[in-house]
file input-v4.cif (mmCIF, C-alpha atoms)
data_target
loop_
_atom_site.label_atom_id
_atom_site.label_comp_id
_atom_site.auth_asym_id
_atom_site.auth_seq_id
_atom_site.Cartn_x
_atom_site.Cartn_y
_atom_site.Cartn_z
CA MET A 1 -6.20 -12.79 22.04
CA LYS A 2 -3.82 -10.35 23.75
CA SER A 3 -3.74 -6.76 22.58
CA LEU A 4 -0.75 -5.05 21.04
CA ILE A 5 -0.38 -2.88 24.14
CA GLU A 6 -0.04 -5.96 26.34
CA TYR A 7 2.87 -7.10 24.19
CA LEU A 8 4.50 -3.65 24.05
CA LYS A 9 4.53 -3.69 27.85
CA LYS A 10 6.87 -6.70 27.63
CA VAL A 11 9.59 -4.73 25.80
CA LYS A 12 12.61 -4.35 28.08
CA ASP A 13 13.09 -0.80 29.33
CA PHE A 14 16.76 0.17 29.16
CA ARG A 15 16.20 3.46 31.01
CA ARG A 16 16.90 4.11 34.67
CA PRO A 17 13.79 4.07 36.88
CA GLN A 18 14.52 7.57 38.10
CA GLY A 19 13.08 10.29 35.96
CA GLN A 20 10.93 8.09 33.72
CA THR A 21 8.05 10.35 32.75
CA HIS A 22 6.46 8.10 30.12
CA PRO A 23 6.08 4.31 30.08
CA MET A 24 8.00 2.55 27.32
CA TRP A 25 4.90 0.97 25.78
CA PHE A 26 3.24 4.38 25.42
CA ILE A 27 6.24 5.83 23.55
CA LEU A 28 6.41 2.85 21.19
CA LEU A 29 2.67 3.00 20.61
CA ILE A 30 2.88 6.70 19.71
CA VAL A 31 5.53 5.89 17.10
CA ILE A 32 3.36 3.12 15.62
CA LEU A 33 0.29 5.37 15.50
CA GLY A 34 2.36 8.20 14.06
CA LEU A 35 3.69 5.94 11.30
CA MET A 36 0.17 4.73 10.53
CA ASN A 37 -0.90 8.33 10.07
CA GLY A 38 2.06 9.34 7.92
CA TYR A 39 4.27 10.97 10.57
CA LEU A 40 7.70 9.66 9.61
CA GLY A 41 10.79 10.17 11.75
CA TYR A 42 11.54 11.33 15.29
CA ARG A 43 10.43 14.94 14.94
CA ALA A 44 7.30 14.02 13.04
CA CYS A 45 6.26 11.46 15.68
CA GLY A 46 6.97 14.09 18.33
CA ASP A 47 4.64 16.46 16.46
CA PHE A 48 1.99 13.73 16.26
CA ALA A 49 2.16 13.27 20.03
CA LYS A 50 2.01 17.02 20.66
CA TYR A 51 -0.94 17.58 18.31
CA HIS A 52 -2.92 14.76 19.97
CA LEU A 53 -1.88 15.21 23.60
CA GLU A 54 -5.41 15.26 25.05
CA GLU A 55 -6.72 12.34 23.01
CA LEU A 56 -3.67 10.14 23.57
CA THR A 57 -3.43 10.62 27.33
CA LYS A 58 -7.17 10.28 27.88
CA HIS A 59 -7.74 7.36 25.53
CA PHE A 60 -4.86 5.26 26.85
CA GLY A 61 -5.31 6.10 30.52
CA ILE A 62 -2.14 8.17 31.05
CA ARG A 63 -2.56 10.12 34.29
CA ARG A 64 -0.06 12.82 33.45
CA ARG A 65 -1.37 15.06 30.73
CA GLN A 66 2.00 14.90 28.98
CA VAL A 67 3.33 13.17 25.90
CA PRO A 68 6.95 12.30 25.04
CA SER A 69 9.00 14.92 23.24
CA TYR A 70 10.96 14.43 20.04
CA SER A 71 14.17 13.87 22.04
CA THR A 72 12.53 11.22 24.26
CA ILE A 73 11.19 9.36 21.23
CA ARG A 74 14.62 9.53 19.62
CA ARG A 75 16.33 8.21 22.75
CA VAL A 76 13.94 5.27 23.01
CA ILE A 77 14.25 4.26 19.34
CA ILE A 78 18.03 4.39 19.64
CA GLY A 79 18.15 2.55 22.97
CA VAL A 80 15.62 -0.27 22.60
CA ASP A 81 17.14 -3.72 22.12
CA TRP A 82 16.12 -4.62 18.56
CA GLU A 83 16.40 -8.36 19.18
CA ASN A 84 13.95 -8.06 22.08
CA LEU A 85 11.61 -5.93 19.94
CA ILE A 86 11.64 -8.53 17.16
CA GLN A 87 10.87 -11.26 19.70
CA ILE A 88 7.90 -9.29 21.04
CA PHE A 89 6.64 -8.56 17.52
CA ASN A 90 6.80 -12.25 16.60
CA GLN A 91 4.86 -13.18 19.74
CA TRP A 92 2.14 -10.66 18.88
CA ALA A 93 1.97 -11.63 15.20
CA SER A 94 1.94 -15.37 15.91
CA GLN A 95 -1.55 -15.01 17.41
CA PHE A 96 -2.98 -14.60 13.94
CA ASN A 97 -1.32 -17.65 12.30
CA LEU A 98 -2.51 -16.31 8.96
CA HIS A 99 0.08 -17.98 6.75
CA LYS A 100 -0.35 -21.35 8.45
CA CYS A 101 -4.12 -21.09 8.11
CA ALA A 102 -3.85 -20.21 4.40
CA VAL A 103 -1.59 -23.20 3.75
CA ASN A 104 -3.94 -25.56 5.62
CA GLN A 105 -6.97 -24.17 3.80
CA SER A 106 -5.35 -24.71 0.41
CA LYS A 107 -4.36 -28.29 1.31
CA ASN A 108 -7.59 -29.42 2.96
CA THR A 109 -10.37 -27.72 0.97
CA LEU A 110 -11.32 -27.48 -2.68
CA PRO A 111 -10.86 -24.07 -4.32
CA LEU A 112 -13.90 -22.00 -5.20
CA SER A 113 -12.24 -21.21 -8.54
CA HIS A 114 -8.94 -21.86 -10.30
CA LYS A 115 -7.09 -20.28 -13.22
CA THR A 116 -3.80 -21.22 -14.92
CA THR A 117 -1.96 -18.80 -17.20
CA LYS A 118 1.38 -18.88 -19.03
CA ASP A 119 3.69 -15.96 -19.72
CA ILE A 120 6.39 -16.30 -22.38
CA SER A 121 8.19 -13.01 -22.86
CA HIS A 122 11.49 -11.23 -22.26
CA GLY A 123 13.36 -14.48 -21.72
CA ARG A 124 10.84 -15.72 -19.18
CA HIS A 125 8.68 -18.80 -19.29
CA ILE A 126 6.31 -18.61 -16.30
CA THR A 127 3.25 -20.62 -15.32
CA ARG A 128 0.87 -19.03 -12.80
CA GLU A 129 -1.77 -21.02 -10.99
CA VAL A 130 -4.30 -18.95 -9.05
CA SER A 131 -6.70 -20.67 -6.62
CA VAL A 132 -9.36 -18.96 -4.51
CA PHE A 133 -10.55 -20.35 -1.17
CA GLU A 134 -13.18 -19.50 1.43
CA VAL A 135 -11.86 -17.78 4.58
CA PRO A 136 -12.55 -19.79 7.78
CA GLU A 137 -14.70 -18.13 10.44
CA ASN A 138 -11.89 -17.92 12.98
CA ILE A 139 -9.86 -15.79 10.55
CA LYS A 140 -12.86 -13.63 9.68
CA ASN A 141 -13.23 -12.85 13.37
CA LEU A 142 -9.61 -11.68 13.60
CA TRP A 143 -9.18 -9.99 10.21
CA ALA A 144 -12.03 -7.58 9.62
CA ASN A 145 -13.85 -7.80 6.27
CA SER A 146 -11.77 -10.76 5.05
CA GLN A 147 -13.62 -12.75 2.38
CA ARG A 148 -11.18 -14.85 0.35
CA PHE A 149 -7.77 -16.53 0.55
CA ILE A 150 -5.85 -16.51 -2.73
CA GLN A 151 -3.01 -18.91 -3.46
CA VAL A 152 -0.67 -18.07 -6.34
CA LYS A 153 1.86 -20.65 -7.51
CA ARG A 154 4.53 -19.41 -9.90
CA SER A 155 7.00 -21.68 -11.65
CA GLY A 156 9.19 -21.59 -14.73
CA ASN A 157 12.41 -20.08 -15.98
CA ARG A 158 13.86 -16.62 -15.92
CA GLY A 159 16.73 -16.74 -18.35
CA ALA A 160 18.83 -19.77 -17.45
CA LYS A 161 17.46 -20.01 -13.92
CA SER A 162 14.45 -22.08 -12.91
CA TYR A 163 12.32 -21.13 -9.92
CA GLU A 164 9.14 -22.03 -8.05
CA GLU A 165 7.31 -20.02 -5.40
CA THR A 166 3.93 -19.94 -3.65
CA ALA A 167 2.37 -16.76 -2.28
CA TYR A 168 -0.83 -16.22 -0.31
CA TYR A 169 -3.11 -13.19 -0.23
CA LEU A 170 -6.09 -12.20 1.90
CA SER A 171 -8.85 -10.20 0.23
CA SER A 172 -11.82 -8.21 1.48
CA ILE A 173 -13.70 -8.77 -1.79
CA CYS A 174 -15.25 -11.81 -3.47
CA GLU A 175 -13.94 -12.45 -6.98
CA ASN A 176 -12.93 -15.42 -9.09
CA ALA A 177 -9.42 -16.66 -9.77
CA GLU A 178 -9.15 -14.88 -13.13
CA VAL A 179 -9.92 -11.46 -11.64
CA PHE A 180 -7.67 -11.96 -8.62
CA GLY A 181 -4.87 -13.19 -10.87
CA GLU A 182 -5.02 -10.06 -13.03
CA ARG A 183 -5.01 -7.75 -10.00
CA ILE A 184 -2.20 -9.55 -8.24
CA GLN A 185 -0.05 -9.60 -11.36
CA GLY A 186 -0.64 -5.87 -11.80
CA HIS A 187 -1.55 -3.43 -9.06
CA TRP A 188 -1.41 -5.67 -5.98
CA ARG A 189 1.95 -7.14 -6.87
CA ILE A 190 3.47 -3.65 -6.57
CA GLU A 191 1.47 -1.74 -3.99
CA ASN A 192 1.05 -4.52 -1.48
CA GLN A 193 4.60 -5.82 -1.53
CA LEU A 194 5.95 -5.23 1.96
CA HIS A 195 9.35 -3.91 0.86
CA TRP A 196 7.73 -1.42 -1.54
CA ILE A 197 5.33 -0.21 1.12
CA LYS A 198 8.08 0.33 3.68
CA ASP A 199 10.44 1.97 1.20
CA VAL A 200 7.90 4.34 -0.34
CA LEU A 201 5.00 4.95 2.03
CA PHE A 202 7.17 4.75 5.15
CA LYS A 203 10.21 6.40 3.45
CA GLU A 204 12.86 4.01 4.78
CA ASP A 205 15.19 4.68 1.86
CA LYS A 206 15.32 8.36 2.85
CA SER A 207 15.45 7.74 6.58
CA PRO A 208 17.95 9.99 8.40
CA LEU A 209 18.85 7.09 10.71
CA HIS A 210 22.29 5.69 10.00
CA GLN A 211 22.86 3.32 12.93
CA SER A 212 21.68 -0.24 12.39
CA GLY A 213 19.89 -0.51 15.76
CA PRO A 214 17.56 2.49 15.38
CA MET A 215 16.90 1.62 11.72
CA THR A 216 15.94 -1.92 12.71
CA ASN A 217 13.69 -0.70 15.51
CA LEU A 218 11.89 1.77 13.26
CA SER A 219 11.55 -0.92 10.59
CA ILE A 220 9.95 -3.31 13.12
CA LEU A 221 7.50 -0.63 14.26
CA SER A 222 6.69 0.12 10.60
CA THR A 223 5.99 -3.57 10.06
CA ILE A 224 3.63 -3.58 13.05
CA ALA A 225 1.83 -0.56 11.56
CA ILE A 226 1.46 -2.39 8.23
CA ASN A 227 0.17 -5.52 9.96
CA ILE A 228 -2.48 -3.52 11.82
CA PHE A 229 -3.79 -2.23 8.50
CA ARG A 230 -3.79 -5.79 7.16
CA ILE A 231 -5.71 -7.05 10.21
CA LEU A 232 -8.28 -4.34 9.59
CA GLY A 233 -8.75 -5.69 6.06
CA PHE A 234 -6.94 -3.04 4.03
CA LEU A 235 -4.95 -4.27 1.05
CA SER A 236 -3.94 -0.69 0.29
CA ILE A 237 -1.99 1.16 2.99
CA THR A 238 -3.00 4.48 1.41
CA GLU A 239 -6.66 3.52 1.74
CA GLY A 240 -6.08 2.49 5.34
CA ARG A 241 -4.50 5.83 6.16
CA ARG A 242 -7.43 7.68 4.63
CA TRP A 243 -9.84 5.61 6.72
CA LEU A 244 -7.84 6.16 9.91
CA CYS A 245 -7.22 9.86 9.27
CA GLU A 246 -5.65 10.40 12.73
CA ARG A 247 -8.75 8.99 14.45
CA PHE A 248 -6.71 6.37 16.29
CA TRP A 249 -9.57 5.64 18.70
CA ARG A 250 -10.95 3.52 15.85
CA LEU A 251 -8.24 0.99 16.74
CA THR A 252 -9.54 0.33 20.26
CA ILE A 253 -10.53 -3.28 19.60
CA LEU A 254 -7.05 -4.08 18.38
CA LEU A 255 -4.94 -1.98 20.71
CA ALA A 256 -6.59 -2.04 24.10
#

call {"tool": "encode", "arguments": {"input": "input-v4.cif", "output": "structure tokens"}}
result
Amino acid sequence: MKSLIEYLKKVKDFRRPQGQTHPMWFILLIVILGLMNGYLGYRACGDFAKYHLEELTKHFGIRRRQVPSYSTIRRVIIGVDWENLIQIFNQWASQFNLHKCAVNQSKNTLPLSHKTTKDISHGRHITREVSVFEVPENIKNLWANSQRFIQVKRSGNRGAKSYEETAYYLSSICENAEVFGERIQGHWRIENQLHWIKDVLFKEDKSPLHQSGPMTNLSILSTIAINIFRILGFLSITEGRRWLCERFWRLTILLA
């Protein structure tokens, strides 16, 4: 499996060769690490780099004992081709094939437990089927602490509209379908929804960026940050941040 840094090195550098002090991959990596540690925005990521100059340059083999400034970070986020960045992200993420593996596991193995519930309220008539499956060894090796796949099928009517959807979850704990169903319907359904995480914990709704390109680039880097926490087995981004606590050298296995 290739590291994230290897993929970041594939991002096209729009800058002129003359005067390039910092490699593109290093700047993008600083933004990702900054976001993972709660440093949101250009200036904040610049502060993160400045506060961790020695650790960043030493840990990632940067010969110059310098880190990019706020203005350099801003210029890169504005200038990077977002379509190229999305392509690189998809290449990196495709290594894990988590969704495909979850679908195959649910089709080809019997669930460890199963629970069906019905919800009739507020004009809704919803049936939820929760099934829990063992996690294959190849996924356990990639996603630290993973213990169970959970499949949730929802179908029914909301008002006059009928709908059907299937969602998959990866858990670091071992529980039955009834317990997982209650948690997913409540806490997990809110906190671990990607849009909610990016809007609240990564503050995209209050982002000072107004151009579509920079907003897209920062959103992609935020998604990478979220995926790293998921790979490490954290269902809660807040919990992941507490564990990381600016000790980014803990991510060596994943990043380098």

call {"tool": "resolve_selection", "arguments": {"input": "input-v4.cif", "expression": "the PyMOL selection byres ((chain A and resi 49) around 10)", "output": "PDB file with C-alpha atoms, in the frame of the given file"}}
result
ATOM      1  CA  ILE A  27       6.240   5.830  23.550  1.00  0.00           C
ATOM      2  CA  ILE A  30       2.880   6.700  19.710  1.00  0.00           C
ATOM      3  CA  VAL A  31       5.530   5.890  17.100  1.00  0.00           C
ATOM      4  CA  LEU A  33       0.290   5.370  15.500  1.00  0.00           C
ATOM      5  CA  GLY A  34       2.360   8.200  14.060  1.00  0.00           C
ATOM      6  CA  TYR A  39       4.270  10.970  10.570  1.00  0.00           C
ATOM      7  CA  ARG A  43      10.430  14.940  14.940  1.00  0.00           C
ATOM      8  CA  ALA A  44       7.300  14.020  13.040  1.00  0.00           C
ATOM      9  CA  CYS A  45       6.260  11.460  15.680  1.00  0.00           C
ATOM     10  CA  GLY A  46       6.970  14.090  18.330  1.00  0.00           C
ATOM     11  CA  ASP A  47       4.640  16.460  16.460  1.00  0.00           C
ATOM     12  CA  PHE A  48       1.990  13.730  16.260  1.00  0.00           C
ATOM     13  CA  LYS A  50       2.010  17.020  20.660  1.00  0.00           C
ATOM     14  CA  TYR A  51      -0.940  17.580  18.310  1.00  0.00           C
ATOM     15  CA  HIS A  52      -2.920  14.760  19.970  1.00  0.00           C
ATOM     16  CA  LEU A  53      -1.880  15.210  23.600  1.00  0.00           C
ATOM     17  CA  GLU A  54      -5.410  15.260  25.050  1.00  0.00           C
ATOM     18  CA  GLU A  55      -6.720  12.340  23.010  1.00  0.00           C
ATOM     19  CA  LEU A  56      -3.670  10.140  23.570  1.00  0.00           C
ATOM     20  CA  THR A  57      -3.430  10.620  27.330  1.00  0.00           C
ATOM     21  CA  GLN A  66       2.000  14.900  28.980  1.00  0.00           C
ATOM     22  CA  VAL A  67       3.330  13.170  25.900  1.00  0.00           C
ATOM     23  CA  PRO A  68       6.950  12.300  25.040  1.00  0.00           C
ATOM     24  CA  SER A  69       9.000  14.920  23.240  1.00  0.00           C
ATOM     25  CA  TYR A  70      10.960  14.430  20.040  1.00  0.00           C
ATOM     26  CA  ILE A  73      11.190   9.360  21.230  1.00  0.00           C
TER      27      ILE A  73
END

call {"tool": "resolve_selection", "arguments": {"input": "input-v4.cif", "expression": "the PyMOL selection byres ((chain A and resi 213) around 12)", "output": "list in words"}}
result
Arg74, Arg75, Val76, Ile77, Ile78, Gly79, Val80, Asp81, Trp82, Glu83, Asn84, Leu85, Ile86, Leu209, His210, Gln211, Ser212, Pro214, Met215, Thr216, Asn217, Leu218, Ser219 and Ile220 of chain A

call {"tool": "residues_around", "arguments": {"input": "input-v4.cif", "residues": "stretch 238-243 of chain A", "least_positions_apart": "3", "cutoff": "9 Å", "atoms": "all atoms listed in the file", "output": "VMD selection string"}}
result
chain A and resid 36 to 38 201 229 to 230 232 to 235 246 to 247

call {"tool": "atom_distance", "arguments": {"input": "input-v4.cif", "atom1": "atom CA of A:Gly19", "atom2": "atom CA of A:Ile32"}}
result
23.7 Å

call {"tool": "residues_around", "arguments": {"input": "input-v4.cif", "residues": "A:Asp119", "least_positions_apart": "3", "cutoff": "12 Å", "atoms": "all atoms listed in the file", "output": "short mmCIF file (atom, residue, chain, number, x, y, z; two decimals) with C-alpha atoms, in the coordinates of the input"}}
result
data_model
loop_
_atom_site.label_atom_id
_atom_site.label_comp_id
_atom_site.auth_asym_id
_atom_site.auth_seq_id
_atom_site.Cartn_x
_atom_site.Cartn_y
_atom_site.Cartn_z
CA THR A 116 -3.80 -21.22 -14.92
CA HIS A 122 11.49 -11.23 -22.26
CA GLY A 123 13.36 -14.48 -21.72
CA ARG A 124 10.84 -15.72 -19.18
CA HIS A 125 8.68 -18.80 -19.29
CA ILE A 126 6.31 -18.61 -16.30
CA THR A 127 3.25 -20.62 -15.32
CA ARG A 128 0.87 -19.03 -12.80
CA GLU A 129 -1.77 -21.02 -10.99
CA ARG A 154 4.53 -19.41 -9.90
CA SER A 155 7.00 -21.68 -11.65
CA GLY A 156 9.19 -21.59 -14.73
CA ASN A 157 12.41 -20.08 -15.98
CA ARG A 158 13.86 -16.62 -15.92
CA GLN A 185 -0.05 -9.60 -11.36
#

call {"tool": "atom_distance", "arguments": {"input": "input-v4.cif", "atom1": "atom CA of A:Ala225", "atom2": "atom CA of A:Leu35"}}
result
6.8 Å

call {"tool": "closest_residue", "arguments": {"input": "input-v4.cif", "among": "A:Val135, A:Cys174, A:Val11, A:Leu29", "to": "A:Phe248", "atoms": "all atoms listed in the file"}}
result
A:Leu29

call {"tool": "closest_residue", "arguments": {"input": "input-v4.cif", "among": "A:Ser162, A:Ser172, A:Ser94, A:Ser121", "to": "A:Lys140", "atoms": "all atoms listed in the file"}}
result
A:Ser172

call {"tool": "residues_near_point", "arguments": {"input": "input-v4.cif", "point": "(-8.3, -17.6, 14.0)", "cutoff": "9 Å", "atoms": "only C-alpha atoms", "output": "NGL selection string"}}
result
:A and (95-98 or 101 or 136-143)

call {"tool": "atom_distance", "arguments": {"input": "input-v4.cif", "atom1": "atom CA of A:Leu8", "atom2": "atom CA of A:Ile88"}}
result
7.2 Å

call {"tool": "resolve_selection", "arguments": {"input": "input-v4.cif", "expression": "the PyMOL selection byres ((chain A and resi 10) around 12)", "output": "short mmCIF file (atom, residue, chain, number, x, y, z; two decimals) with C-alpha atoms, keeping the file's coordinate frame"}}
result
data_model
loop_
_atom_site.label_atom_id
_atom_site.label_comp_id
_atom_site.auth_asym_id
_atom_site.auth_seq_id
_atom_site.Cartn_x
_atom_site.Cartn_y
_atom_site.Cartn_z
CA LYS A 2 -3.82 -10.35 23.75
CA SER A 3 -3.74 -6.76 22.58
CA LEU A 4 -0.75 -5.05 21.04
CA ILE A 5 -0.38 -2.88 24.14
CA GLU A 6 -0.04 -5.96 26.34
CA TYR A 7 2.87 -7.10 24.19
CA LEU A 8 4.50 -3.65 24.05
CA LYS A 9 4.53 -3.69 27.85
CA VAL A 11 9.59 -4.73 25.80
CA LYS A 12 12.61 -4.35 28.08
CA ASP A 13 13.09 -0.80 29.33
CA PRO A 23 6.08 4.31 30.08
CA MET A 24 8.00 2.55 27.32
CA TRP A 25 4.90 0.97 25.78
CA PHE A 26 3.24 4.38 25.42
CA LEU A 28 6.41 2.85 21.19
CA VAL A 80 15.62 -0.27 22.60
CA ASN A 84 13.95 -8.06 22.08
CA LEU A 85 11.61 -5.93 19.94
CA ILE A 86 11.64 -8.53 17.16
CA GLN A 87 10.87 -11.26 19.70
CA ILE A 88 7.90 -9.29 21.04
CA PHE A 89 6.64 -8.56 17.52
CA GLN A 91 4.86 -13.18 19.74
CA TRP A 92 2.14 -10.66 18.88
#

call {"tool": "closest_residue", "arguments": {"input": "input-v4.cif", "among": "A:Thr21, A:Asn176, A:Ser71, A:Gln147", "to": "A:Ser113", "atoms": "all atoms listed in the file"}}
result
A:Asn176

call {"tool": "closest_residue", "arguments": {"input": "input-v4.cif", "among": "A:Val152, A:Ile226, A:Cys245, A:Leu221", "to": "A:Thr166", "atoms": "only C-alpha atoms"}}
result
A:Val152
